[in-house]
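Novice: Before I ask anything, let me first share the structure, which is written out below as C-alpha cells.
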Amino acid sequence: MTEEKGKLKKQTRRILQGFAKKRGNLIPILQGLQGKLGYLPREAMLEVARFLDIPEMDVYGVVTFYNQFRLNPLGRHSVRVCLGTACHMKGGYITLDAWKRRLGIESGQTTPDREFDLDTVACVGCCVMAPVTVVDDKPEGKVEPTKVDGILLSFKLEKEKKSK
Amino acid sequence: MVGAATCGRAAGALEVLRAIKAELKKHGLDCPVFEVGCMGHCYAEPIVTIIKPGYPPICYGQVNEVIAQRLVREFILGDNPCLEFVLGALEKNELVPSFADFPRAEFEKKVILKNCGHIDPENIEHYIANGGYGALAKALQLEPEEVIDEVKSSGLRGRGGAGFSTGEKWEVCANARGKPKYLVCNGDEGDPGAFMDRAILESDPHSVVEGMLIAGYAIGARYGYIYVRAEYPLAVKRAQLALQQARKLNLLGRNILGGDFSFDIKLFQGSGAFVCGEETALIASLEGKAGTPHHRPPYPAVSGLYGKPTLVNNVKTLAYLRHIIQDGGNSFAGIGTEGSKGTAVFALAGKVVNTGLAEVPMGTTLRQVVFDVGSGIKDGKRFKAVQIGGPSGGCLPESALDLPIDFDSLTEAGAMMGSGGMIVLDEDDCMVEIARYFLEFTQRESCGKCTFCRLGTKQMLDVLDEFTKGRGKIEDLDMLIALAEDVKAGSLCGLGRTAPNPVLSTLRFFRDEYEAHIKEGRCPALMCRDLIAYYIDPKKCELTCDACVGTCTVEAISSHPTKRYKIIDQEKCVKCGTCLTACPPQYSAVVKLSPPSLVPVSKIPVSKAPGPKKKKKK
C-alpha cells in the first residue's frame, strides 16, 4: 500500500514540475493531474497543497466543489450520460436507468472489474441528437436502452477479438 | 467541406470524412477536403458541401458513408449532382433551390453565424480571406475612446443573459484605476440545452479572438482569458489552436501589428460548475478558489481578478464586435428593436423539426422562430410551450407566441431571453416534470452560500418530487409560490434569484397540470413514471408477432401460453418505452395510461411464490 502511495507521490511531483507556483494555477494543476492519473488520489492532493504552500483543506474544498474532479479511480471505458434539457425531455433519465441496470452501478461509481465508470454531465451541446451519452469522449446520439445494449456488445466483441 | 463540429461528430461526421478521403484517394482525385464547423442546420447533420467549378456550391444533408462514396464517384468524378440528397445550395442558381429560397431565410439574418460551417476553423487564412482581423486593424487606428463610442452607438447589450449595455460596461472598466487590466471571455455556457457559444468557438474561433483584441484595446487591458467549459473538448482545442495561430502572425502578444498595443490571451477550462457562469464566481475560479459569488458592488469592471479592473463579456457579445467596428455602430443599431439592437442567436432544441442554430433580428416573434424558422412541431404533435432562458427562464404557452423576442418583452411575461437556449415542448412533455428538472439542476449547482438558495431550492425540489409521484397536497401550491418569492429575495446572485422562475412560470400558465397530478394522480402528458403504466391492448395486438417480448430490456413481457395475449408485469416494468417503439406501427398495440389504476386487472395472480398479489394485465 505504501509502495503505491510512494509511486503516486513521485508521479504527482513530476507532473507539478510543469506548473508555476501560483494559487491561480490550482485548477489547471488539478485538471492536469486528473488528466494523467485518471482521478485525484489523496496523496496527489496533499502534494499539491505542499507545492502551492496552501492549507490541505483549501485543495480538498476546491476538488469537492467542482463536478469535474473525481475522487475514485476510473474504469477502462468512460460513460457520461447527458442530462441536459433536450436529452431529459427525450428520455435521458430512461437512458441513465438503462446504463445503471446493465452496468450494475450508480452514477459516480466504477464497475468492480474496473471496466466502466458511469457519471452524468449537465449538457454536452449536442441537443439535436438527444438523448446523448458520451462514451470514451465520443458522443453517441439517440441512445435508447436497446442502443445501450448495442454499445456494450460492441465493447464485448472487441475485447474477445483482442484476446484471440 | 464536411461539417464536423460536435453535433456533426455525434451524427457520424468523422466516418463520413474518412469515407470521402478514402474514395478520393481510390480514384486518384486531388480535391481539398476541409473539416468545417456548424452551419446551424443540426437536424441534417452530417452535412457535406461540395464546391465544383461550373456548379453552385451544394450542401448535402444526412450523409452517411455510402452516400459519401456515391457523391465522390458521381458528382466529383462524374457530372451527376445527386439531387436526391441535396439540402440546399449556397448561392441562388437555376439548378437547385438555395438556402435563400427556404421559407426560414426570410426571418434569419446571419451576423455572427455567417462564417460558421463555411470556413475551416483550424485555418486562420480562411478567416483572414473572409475579412478577418480587418476590424482589428481599423480599431487600432482609432483612439480607445472612439472604439468605446462606436460600441455605445451600436446599442449592443450583453448576450450572456443579463443584457447590460456593453458600451457602458466598457467605459466603467476603461475609467477604472489599476493595472494590469484583464479581459475575460465567458464561455462557461452552462444552460442545459444551449450550445450557441460552443458552436461559435468550434466553428469560428478567430471571431472571438478578434473581438477580445478589440475589447482589450478599448479598455486598456494587457491580459485576457478565454474561459471554456471542460465539457466542450473540441471548443477548447480549436480555441487553443486559434490563439497559437494568431500569435504566429503577431496578432497577439507584444506590439500587435507593429503598434504599441500588447495583449495576450490564455485559455482556462471550467471545472464543471454552473455557478461559474456568474462573473464574480468565474473570477474566483480563475484565482484557484471555489466558485462562490460575492456582493456587487464592487463590480468586476472596477475590481475583479486579483482586485484589478476586469471586463467579463460573453462569447457572442465579443463575436459581434468585428462587425460593429467594420460596418459601424449605426449599421448594427439598424437591426432589431428600440431597446434591443442587433440579432439574437438561439439554440433551437426539443420537439421542433429544424433543431439547430438560428440567428434572427431582435423583435422577431416566438411564433416566427418556432414555426417559420423551426418549421413547427415534429411528427404532427401539438405545440405546448417554449422554454427560454434555461434554468433561469420560464415556459411560455401558445398565448404568448406572438411576443417579440428581446430583452424586455419576455421578462414581463415571466420568462427571460437568457443566453439563447430555446427548448420547444409538445403535448408529450410534462410541465411539472420540467419545473422539477430545472429545480433539481439549480439545487445541485447552488454554491451553498445563501441560506435561502441552499435550503429553499431543496425544499421546493422535495415538494415537486412529491407532485411527480402523485403524493402532493393542494395547499402545497400556495406554499410553493410563497417559498419561491422568498428564495428570490434572499439570494445574492443570479442563480438563486432566478432558480424559482421555471416553477413560477409553469404554475402561472399550466396550473391545471399541477392540479391533475395532485388531485387525480394523473400526468396529462404521460411522462411522470410513477403516474403512468404501459399496457398492451389485446384487441390490437397481432398475437404471434412477439416483437415486444424480445426487446423488453427487463424481460417484463410474457405471452399467455394459449391465447398469446401479451402481459406486462407491472412490478418489473421500468417504463422505458422500448415496447412502444418495437410494436410495428400497423398494430400500435402498446398504450400508456395515467393514472396506473386505469390498467385492467385480472383476478389471477402471476406469481406462484407467496407474497403480495401482483397485478396481471389481461
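Note on naming: chains are A, B, ... as they come in the C-alpha cells, residues start from 1 per chain, ligands start from 1 in the order shown.
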Considering only C-alpha atoms, give me a table of residues in chain B that are at most 6 Å from chain A, with the closest atom pair and distance in Å for each, as a Markdown table.
Specialist:
| residue | atom | partner | partner_atom | distance |
| --- | --- | --- | --- | --- |
| B:Cys7 | CA | A:Cys126 | CA | 4.9 |
| B:Ala10 | CA | A:Pro139 | CA | 5.0 |
| B:Pro192 | CA | A:Gly84 | CA | 4.4 |
| B:Gly193 | CA | A:Thr85 | CA | 5.1 |
| B:Phe195 | CA | A:Gly125 | CA | 4.7 |
| B:Ser271 | CA | A:Gln68 | CA | 5.1 |
| B:Gly272 | CA | A:Asn67 | CA | 4.8 |
| B:Ala273 | CA | A:Tyr66 | CA | 5.6 |
| B:Glu287 | CA | A:Gly24 | CA | 4.2 |
| B:Gly288 | CA | A:Gly24 | CA | 4.5 |
| B:Ala290 | CA | A:Val62 | CA | 5.1 |
| B:Gly350 | CA | A:Ala86 | CA | 5.3 |
| B:Thr355 | CA | A:Val128 | CA | 5.8 |
| B:Cys576 | CA | A:Ile94 | CA | 5.6 |
Novice: Would you pick out the contacts of A:Phe51 at 9 Å or less, using only C-alpha atoms, so that residues sharing its chain but fewer than 6 positions from it are not included, and give the list as a short mmCIF file (atom, residue, chain, number, x, y, z; two decimals) with N, CA and C atoms, in the first residue's frame?
Specialist:
data_model
loop_
_atom_site.label_atom_id
_atom_site.label_comp_id
_atom_site.auth_asym_id
_atom_site.auth_seq_id
_atom_site.Cartn_x
_atom_site.Cartn_y
_atom_site.Cartn_z
N ARG A 13 4.66 14.71 -8.19
CA ARG A 13 5.74 15.71 -8.15
C ARG A 13 6.27 15.99 -9.54
N LEU A 16 3.83 18.16 -11.36
CA LEU A 16 3.80 19.52 -10.81
C LEU A 16 4.94 20.37 -11.34
N LYS A 21 4.35 28.14 -9.40
CA LYS A 21 3.79 28.03 -8.04
C LYS A 21 2.86 29.20 -7.71
#
Novice: Need the shell around stretch 433-444 of chain B: protein/DNA/RNA residues with any atom at most 6 Å away, counting only C-alpha atoms. Skip same-chain ones fewer than 5 positions apart. Format as a short mmCIF file (atom, residue, chain, number, x, y, z; two decimals) with N, CA and C atoms, in the first residue's frame?
Specialist:
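As written to disk, around-v3.cif reads:
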data_model
loop_
_atom_site.label_atom_id
_atom_site.label_comp_id
_atom_site.auth_asym_id
_atom_site.auth_seq_id
_atom_site.Cartn_x
_atom_site.Cartn_y
_atom_site.Cartn_z
N PRO B 391 -32.33 27.38 -16.96
CA PRO B 391 -32.84 27.24 -15.60
C PRO B 391 -33.24 28.57 -14.98
N THR B 457 -34.22 25.96 -2.30
CA THR B 457 -34.34 25.18 -3.53
C THR B 457 -34.53 23.70 -3.19
N LEU B 461 -37.71 21.57 -4.35
CA LEU B 461 -37.49 20.34 -5.13
C LEU B 461 -38.23 19.17 -4.50
N LEU B 464 -41.87 19.36 -5.36
CA LEU B 464 -42.13 18.99 -6.76
C LEU B 464 -41.95 17.50 -7.00
N PRO B 502 -38.69 28.80 -13.36
CA PRO B 502 -39.43 27.74 -14.06
C PRO B 502 -40.68 27.30 -13.29
N VAL B 503 -40.57 27.25 -11.95
CA VAL B 503 -41.71 26.83 -11.15
C VAL B 503 -42.82 27.88 -11.24
#
Novice: From a DSSP calculation on the backbone, collect every residue of stretch 11-159 of chain A in helix (DSSP H, G or I) and output the set as a PyMOL selection string.
Specialist: chain A and resi 11-16+23-37+42-52+56-65+85-89+92-103+127-129+145-159
Novice: Find the spatial neighbours of B:Thr451, counting only C-alpha atoms, within a cut-off of 9 Å - ignore same-chain residues fewer than 2 positions away - and output them as a list in words.
Specialist: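 Here the qualifying residues turn out to be Gly448, Lys449, Cys453, Arg454, Leu455, Gly456, Val487, Gly490 and Ser491 of chain B.
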Novice: Only C-alpha atoms, please: the residues just picked out, written as a compact mmCIF listing (two decimals), in the first residue's frame.
Specialist:
# COMPACT_ATOMS: atom_id res chain seq x y z
CA GLY B 448 -24.48 26.97 -0.75
CA LYS B 449 -23.52 30.41 0.49
CA CYS B 453 -30.96 29.42 -2.05
CA ARG B 454 -29.31 26.43 -0.37
CA LEU B 455 -32.29 25.31 1.69
CA GLY B 456 -35.14 26.88 -0.24
CA VAL B 487 -35.75 32.39 -2.40
CA GLY B 490 -32.94 36.10 -0.16
CA SER B 491 -30.32 35.22 -2.77
Novice: Return as a PyMOL selection string the full set of residues in stretch 191-338 of chain B whose backbone-based DSSP assignment is strand (DSSP E or B).
Specialist: chain B and resi 221-229+253+263-270+310-314+336
Novice: Would you mind reading off the distance between atom CA of B:Pro300 and atom CA of B:Arg229, one decimal, in Å?
Specialist: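 Between these atoms lies a distance of 20.6 Å.
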Novice: Tell me, in Å to one decimal, how far atom CA of B:Thr310 is from atom CA of B:Phe164.
Specialist: 15.5 Å
Novice: Would you mind reading off the distance between atom CA of B:Asn501 and atom CA of B:Ala413, one decimal, in Å?
Specialist: 11.1 Å
Novice: Closest to B:Lys469 among B:Arg157, B:Arg522, B:Lys351, B:Arg18, using only C-alpha atoms?
Specialist: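 Looking only at the distances to B:Lys469, the closest residue turns out to be B:Arg522.
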Novice: From the list B:Pro585, B:Pro81, B:Gly216, B:Gly187, which residue is nearest B:Gly270 when using only C-alpha atoms?
Specialist: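 Of B:Pro585, B:Pro81, B:Gly216, B:Gly187, the one nearest B:Gly270, counting only C-alpha atoms, is B:Gly187.
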Novice: Given only C-alpha atoms as the basis, pick out the residue of B:Cys493, B:Leu348, B:Val353, B:Val432 nearest to B:Arg296.
Specialist: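 Nearest candidate to B:Arg296 out of B:Cys493, B:Leu348, B:Val353, B:Val432: B:Cys493.
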